[in-house]
$ cat run_12.csv   # CSV, C-alpha atoms
chain,number,residue,atom,x,y,z
A,1,MET,CA,3.2,14.2,31.4
A,2,GLY,CA,6.2,11.8,31.2
A,3,LEU,CA,6.7,9.6,28.2
A,4,ASP,CA,8.9,6.6,27.9
A,5,VAL,CA,9.1,6.0,24.2
A,6,HIS,CA,9.7,2.6,22.6
A,7,LYS,CA,9.3,1.2,19.1
A,8,GLU,CA,6.1,-0.7,19.9
A,9,SER,CA,4.6,1.3,22.8
A,10,TYR,CA,4.6,4.6,24.8
A,11,SER,CA,4.4,4.5,28.6
A,12,VAL,CA,2.5,7.5,29.7
A,13,THR,CA,2.3,9.0,33.2
A,14,ALA,CA,0.2,12.1,33.8
A,15,TYR,CA,1.2,14.0,37.0
A,16,CYS,CA,-0.5,17.0,38.5
A,17,ASP,CA,-0.3,18.7,41.9
A,18,ASN,CA,2.2,16.1,43.2
A,19,GLU,CA,-0.1,13.3,42.3
A,20,VAL,CA,-0.3,10.7,39.5
A,21,VAL,CA,-3.5,11.4,37.6
A,22,LYS,CA,-3.3,8.6,35.1
A,23,THR,CA,-0.8,6.0,33.8
A,24,ASP,CA,-1.1,3.9,30.6
A,25,CYS,CA,0.7,2.0,28.0
A,26,ILE,CA,-0.5,2.9,24.4
A,27,ASN,CA,0.5,2.0,20.9
A,28,ALA,CA,3.6,3.8,19.6
A,29,SER,CA,2.0,6.3,17.4
A,30,PRO,CA,2.2,10.1,17.7
A,31,GLN,CA,-1.4,10.5,16.6
A,32,VAL,CA,-2.6,7.9,19.0
A,33,LEU,CA,-0.9,9.8,21.8
A,34,VAL,CA,-2.5,13.1,20.6
A,35,ASN,CA,-5.9,11.5,20.6
A,36,TYR,CA,-5.3,10.0,24.0
A,37,CYS,CA,-4.4,13.4,25.4
A,38,HIS,CA,-7.4,15.1,23.9
A,39,LYS,CA,-9.7,12.4,25.1
A,40,HIS,CA,-8.6,12.2,28.7
A,41,PHE,CA,-7.4,15.7,29.4
A,42,LYS,CA,-9.7,17.8,27.2
A,43,GLY,CA,-9.2,21.6,27.8
A,44,ALA,CA,-6.1,21.1,30.0
A,45,ARG,CA,-2.7,22.6,29.4
A,46,ILE,CA,-0.5,19.6,28.7
A,47,VAL,CA,3.3,19.8,29.0
A,48,SER,CA,5.1,16.6,28.1
A,49,ALA,CA,8.7,15.3,27.8
A,50,TYR,CA,10.6,12.3,26.6
A,51,GLU,CA,14.2,11.2,26.2
A,52,ALA,CA,16.1,11.8,23.0
A,53,GLY,CA,16.7,8.6,21.1
A,54,PHE,CA,15.8,6.5,18.1
A,55,CYS,CA,12.4,8.1,17.4
A,56,GLY,CA,13.9,11.5,16.5
A,57,PHE,CA,11.7,14.6,16.4
A,58,THR,CA,8.5,13.4,14.6
A,59,LEU,CA,6.7,12.8,17.9
A,60,HIS,CA,7.7,16.2,19.2
A,61,ARG,CA,6.5,18.0,16.1
A,62,THR,CA,3.2,16.1,16.1
A,63,LEU,CA,2.6,17.1,19.8
A,64,VAL,CA,3.5,20.7,19.3
A,65,SER,CA,1.4,21.0,16.1
A,66,ASN,CA,-1.6,19.7,18.2
A,67,HIS,CA,-1.1,22.3,21.0
A,68,ILE,CA,0.7,20.0,23.4
A,69,GLU,CA,3.8,21.6,24.8
A,70,ASN,CA,6.8,19.2,24.7
A,71,ILE,CA,10.5,19.1,25.3
A,72,ILE,CA,13.0,16.4,24.4
A,73,VAL,CA,15.6,15.8,27.1
A,74,HIS,CA,19.0,14.2,27.1
A,75,PRO,CA,18.9,10.9,29.1
A,76,SER,CA,21.9,11.8,31.2
A,77,SER,CA,20.1,15.0,32.4
A,78,ILE,CA,17.5,13.0,34.4
A,79,GLU,CA,18.6,12.3,38.0
A,80,ILE,CA,18.5,8.7,39.1
A,81,ALA,CA,18.2,7.8,42.8
A,82,ALA,CA,21.0,5.7,44.3
A,83,ASN,CA,18.5,3.0,45.4
A,84,ASP,CA,16.6,3.0,42.1
A,85,LYS,CA,18.1,-0.2,40.6
A,86,VAL,CA,15.0,-1.6,38.9
A,87,LYS,CA,14.2,0.0,35.6
A,88,THR,CA,10.7,-0.2,34.2
A,89,ASP,CA,8.8,1.8,31.5
A,90,LYS,CA,6.2,2.9,34.1
A,91,LYS,CA,8.9,4.1,36.6
A,92,ASP,CA,10.8,5.9,33.8
A,93,SER,CA,7.7,7.8,32.6
A,94,LEU,CA,6.8,8.7,36.2
A,95,LYS,CA,10.4,9.9,36.8
A,96,ILE,CA,10.2,12.1,33.8
A,97,ALA,CA,6.8,13.5,34.8
A,98,ILE,CA,8.0,14.4,38.3
A,99,HIS,CA,11.2,16.1,37.2
A,100,LEU,CA,9.2,18.0,34.5
A,101,SER,CA,6.7,19.2,37.1
A,102,LEU,CA,9.6,20.4,39.3
A,103,GLY,CA,11.2,22.3,36.4
A,104,ARG,CA,14.3,20.2,36.5
A,105,LEU,CA,14.4,19.2,32.9
A,106,LYS,CA,15.9,21.3,30.1
A,107,GLY,CA,15.0,20.5,26.5
A,108,ILE,CA,17.6,19.9,23.8
A,109,TYR,CA,17.8,22.0,20.6
A,110,ILE,CA,15.2,21.0,18.0
A,111,PRO,CA,16.5,21.4,14.5
A,112,SER,CA,14.3,22.4,11.6
A,113,ILE,CA,13.2,19.7,9.2
A,114,GLU,CA,15.6,21.0,6.6
A,115,GLN,CA,18.5,21.0,9.2
A,116,GLU,CA,17.5,17.5,10.2
A,117,ASN,CA,17.5,16.2,6.6
A,118,ASN,CA,21.0,17.7,6.0
A,119,ARG,CA,22.2,16.0,9.2
A,120,SER,CA,20.9,12.7,7.9
A,121,ILE,CA,23.1,13.1,4.9
A,122,THR,CA,26.1,13.9,7.0
A,123,ARG,CA,25.5,11.0,9.4
A,124,TYR,CA,25.0,8.6,6.5
A,125,ARG,CA,28.2,9.8,4.8
A,126,ALA,CA,30.1,9.1,8.1
A,127,THR,CA,28.6,5.6,8.1
A,128,LEU,CA,29.7,5.0,4.5
A,129,ALA,CA,33.2,6.2,5.4
A,130,LYS,CA,33.4,3.6,8.1
A,131,GLN,CA,32.2,0.9,5.8
A,132,LYS,CA,34.8,2.0,3.2
A,133,THR,CA,37.6,1.6,5.8
A,134,ARG,CA,36.3,-1.8,6.8
A,135,CYS,CA,36.1,-2.8,3.2
A,136,ILE,CA,39.7,-1.8,2.6
A,137,ASN,CA,40.8,-3.7,5.6
A,138,ARG,CA,39.0,-6.8,4.4
A,139,ILE,CA,40.7,-6.6,1.0
A,140,LYS,CA,44.1,-6.2,2.7
A,141,GLY,CA,43.4,-9.1,5.0
A,142,PHE,CA,42.2,-11.2,2.1
A,143,LEU,CA,45.4,-10.5,0.1
A,144,HIS,CA,47.6,-11.3,3.1
A,145,TYR,CA,45.7,-14.5,4.0
A,146,SER,CA,45.8,-15.7,0.4
A,147,GLY,CA,49.6,-15.1,0.2
A,148,ILE,CA,49.2,-12.4,-2.5
A,149,GLY,CA,52.2,-10.2,-2.1
A,150,VAL,CA,50.9,-6.8,-2.9
A,151,THR,CA,52.1,-3.7,-1.1
A,152,TRP,CA,49.9,-0.7,-1.3
A,153,GLY,CA,49.0,2.3,0.9
A,154,ARG,CA,46.0,4.5,0.3
A,155,ALA,CA,43.3,3.0,-1.8
A,156,SER,CA,42.6,4.7,-5.1
A,157,LYS,CA,41.1,4.0,-8.5
A,158,LYS,CA,44.6,3.2,-9.8
A,159,THR,CA,45.1,0.7,-7.0
A,160,ILE,CA,41.8,-1.0,-7.7
A,161,VAL,CA,42.7,-1.3,-11.4
A,162,GLU,CA,46.0,-2.9,-10.5
A,163,LEU,CA,44.4,-5.3,-8.2
A,164,ARG,CA,41.9,-6.4,-10.8
A,165,ARG,CA,44.8,-7.2,-13.2
A,166,LEU,CA,46.4,-9.7,-10.8
A,167,GLU,CA,46.8,-13.2,-12.1
A,168,LEU,CA,44.7,-15.3,-9.7
A,169,SER,CA,42.7,-18.5,-9.6
A,170,ASP,CA,39.0,-18.2,-10.6
A,171,SER,CA,37.9,-18.5,-6.9
A,172,LEU,CA,40.3,-15.8,-5.6
A,173,ARG,CA,39.5,-13.5,-8.6
A,174,LEU,CA,35.8,-13.8,-7.8
A,175,CYS,CA,36.3,-13.0,-4.1
A,176,LEU,CA,38.6,-10.1,-4.7
A,177,GLY,CA,36.4,-8.8,-7.5
A,178,LEU,CA,33.4,-8.7,-5.2
A,179,MET,CA,35.3,-6.9,-2.5
A,180,LEU,CA,36.5,-4.3,-5.0
A,181,ASP,CA,33.0,-3.9,-6.4
A,182,GLU,CA,31.8,-3.2,-2.9
A,183,TRP,CA,34.5,-0.6,-2.4
A,184,GLU,CA,33.6,1.2,-5.7
A,185,ARG,CA,29.9,1.2,-4.8
A,186,ILE,CA,30.6,2.8,-1.4
A,187,CYS,CA,32.8,5.4,-3.1
A,188,VAL,CA,30.0,6.3,-5.5
A,189,ASP,CA,27.5,6.6,-2.6
A,190,ILE,CA,29.9,8.9,-0.7
A,191,LYS,CA,30.3,11.1,-3.8
A,192,LYS,CA,26.5,11.3,-4.0
A,193,CYS,CA,26.2,12.4,-0.4
A,194,GLU,CA,28.9,15.1,-0.9
A,195,THR,CA,27.2,16.4,-4.1
A,196,ASP,CA,23.9,16.6,-2.3
A,197,ARG,CA,25.4,18.5,0.7
A,198,LYS,CA,27.0,21.0,-1.7
A,199,SER,CA,23.7,21.6,-3.5
A,200,THR,CA,21.9,22.4,-0.3

$ encode --input "run_12.csv" --output "structure tokens"
Amino acid sequence: MGLDVHKESYSVTAYCDNEVVKTDCINASPQVLVNYCHKHFKGARIVSAYEAGFCGFTLHRTLVSNHIENIIVHPSSIEIAANDKVKTDKKDSLKIAIHLSLGRLKGIYIPSIEQENNRSITRYRATLAKQKTRCINRIKGFLHYSGIGVTWGRASKKTIVELRRLELSDSLRLCLGLMLDEWERICVDIKKCETDRKST
């Protein structure tokens, strides 16, 4: 069974003995898919696959816990014919089903729930780090644009204190203060992520 997974719907193609048995579009719900499989293929051994993406591993775990074999595959591992220029959900689910039936697909590593949760913290910390860099760049750009001659390198608490002490107009002080507040909030959130990682 090939699955083309989207936020609102799943495109499902059941393929057996070199023939399409059934194809449908159902609501994007792991339990709806499980019920669909049990209703239409009761007693059958079902092996399914879908591409790794935004939906993570929840669908996979739901299928496996309901006795449906499943693998998640990397999108680049699925061969695309040179003349296959029109992409549709139905064609994608069929392609996955056919490659799966021929043994051409290899599943990616599925982390445990604990590992996945820890990865979420790591990914979010990386996102925060990027936001922190952008914030610093906005502050530097603001100072330069406003003609405020302040030279500083690496941002630190000492730097922030010095910037807050600058003699500025009320409008400039407000803008700069909000940017500095944002930088400090991000730093606090990064610290929380690091503390959580150490505790786990």

$ residues_near_point --input "run_12.csv" --point "(27.5, 15.7, 1.4)" --cutoff "10 Å" --atoms "only C-alpha atoms" --output "PDB file with C-alpha atoms, in the frame of the given file"
ATOM      1  CA  ASN A 118      21.000  17.700   6.000  1.00  0.00           C
ATOM      2  CA  ARG A 119      22.200  16.000   9.200  1.00  0.00           C
ATOM      3  CA  SER A 120      20.900  12.700   7.900  1.00  0.00           C
ATOM      4  CA  ILE A 121      23.100  13.100   4.900  1.00  0.00           C
ATOM      5  CA  THR A 122      26.100  13.900   7.000  1.00  0.00           C
ATOM      6  CA  ARG A 123      25.500  11.000   9.400  1.00  0.00           C
ATOM      7  CA  TYR A 124      25.000   8.600   6.500  1.00  0.00           C
ATOM      8  CA  ARG A 125      28.200   9.800   4.800  1.00  0.00           C
ATOM      9  CA  ALA A 126      30.100   9.100   8.100  1.00  0.00           C
ATOM     10  CA  ASP A 189      27.500   6.600  -2.600  1.00  0.00           C
ATOM     11  CA  ILE A 190      29.900   8.900  -0.700  1.00  0.00           C
ATOM     12  CA  LYS A 191      30.300  11.100  -3.800  1.00  0.00           C
ATOM     13  CA  LYS A 192      26.500  11.300  -4.000  1.00  0.00           C
ATOM     14  CA  CYS A 193      26.200  12.400  -0.400  1.00  0.00           C
ATOM     15  CA  GLU A 194      28.900  15.100  -0.900  1.00  0.00           C
ATOM     16  CA  THR A 195      27.200  16.400  -4.100  1.00  0.00           C
ATOM     17  CA  ASP A 196      23.900  16.600  -2.300  1.00  0.00           C
ATOM     18  CA  ARG A 197      25.400  18.500   0.700  1.00  0.00           C
ATOM     19  CA  LYS A 198      27.000  21.000  -1.700  1.00  0.00           C
ATOM     20  CA  SER A 199      23.700  21.600  -3.500  1.00  0.00           C
ATOM     21  CA  THR A 200      21.900  22.400  -0.300  1.00  0.00           C
TER      22      THR A 200
END

$ closest_residue --input "run_12.csv" --among "A:Ser112, A:Thr133, A:Ser156, A:Thr151" --to "Gly56 (chain A)" --atoms "all atoms listed in the file"
A:Ser112

$ axis_aligned_box --input "run_12.csv" --around "region 113-118 of chain A" --padding-each-side "5 Å" --output "AutoDock Vina command-line options"
--center_x 17.1 --center_y 18.6 --center_z 8.1 --size_x 17.8 --size_y 14.8 --size_z 14.2

$ residues_near_point --input "run_12.csv" --point "(0.9, 26.2, 24.7)" --cutoff "12 Å" --atoms "all atoms listed in the file" --output "ChimeraX atom specification"
/A:43-48,63-71

$ residues_around --input "run_12.csv" --residues "Tyr109 (chain A)" --least-positions-apart "4" --cutoff "12 Å" --atoms "all atoms listed in the file" --output "list in words"
Ala52, Gly56, Phe57, His60, Ile71, Ile72, Val73, His74, Gln115 and Glu116 of chain A
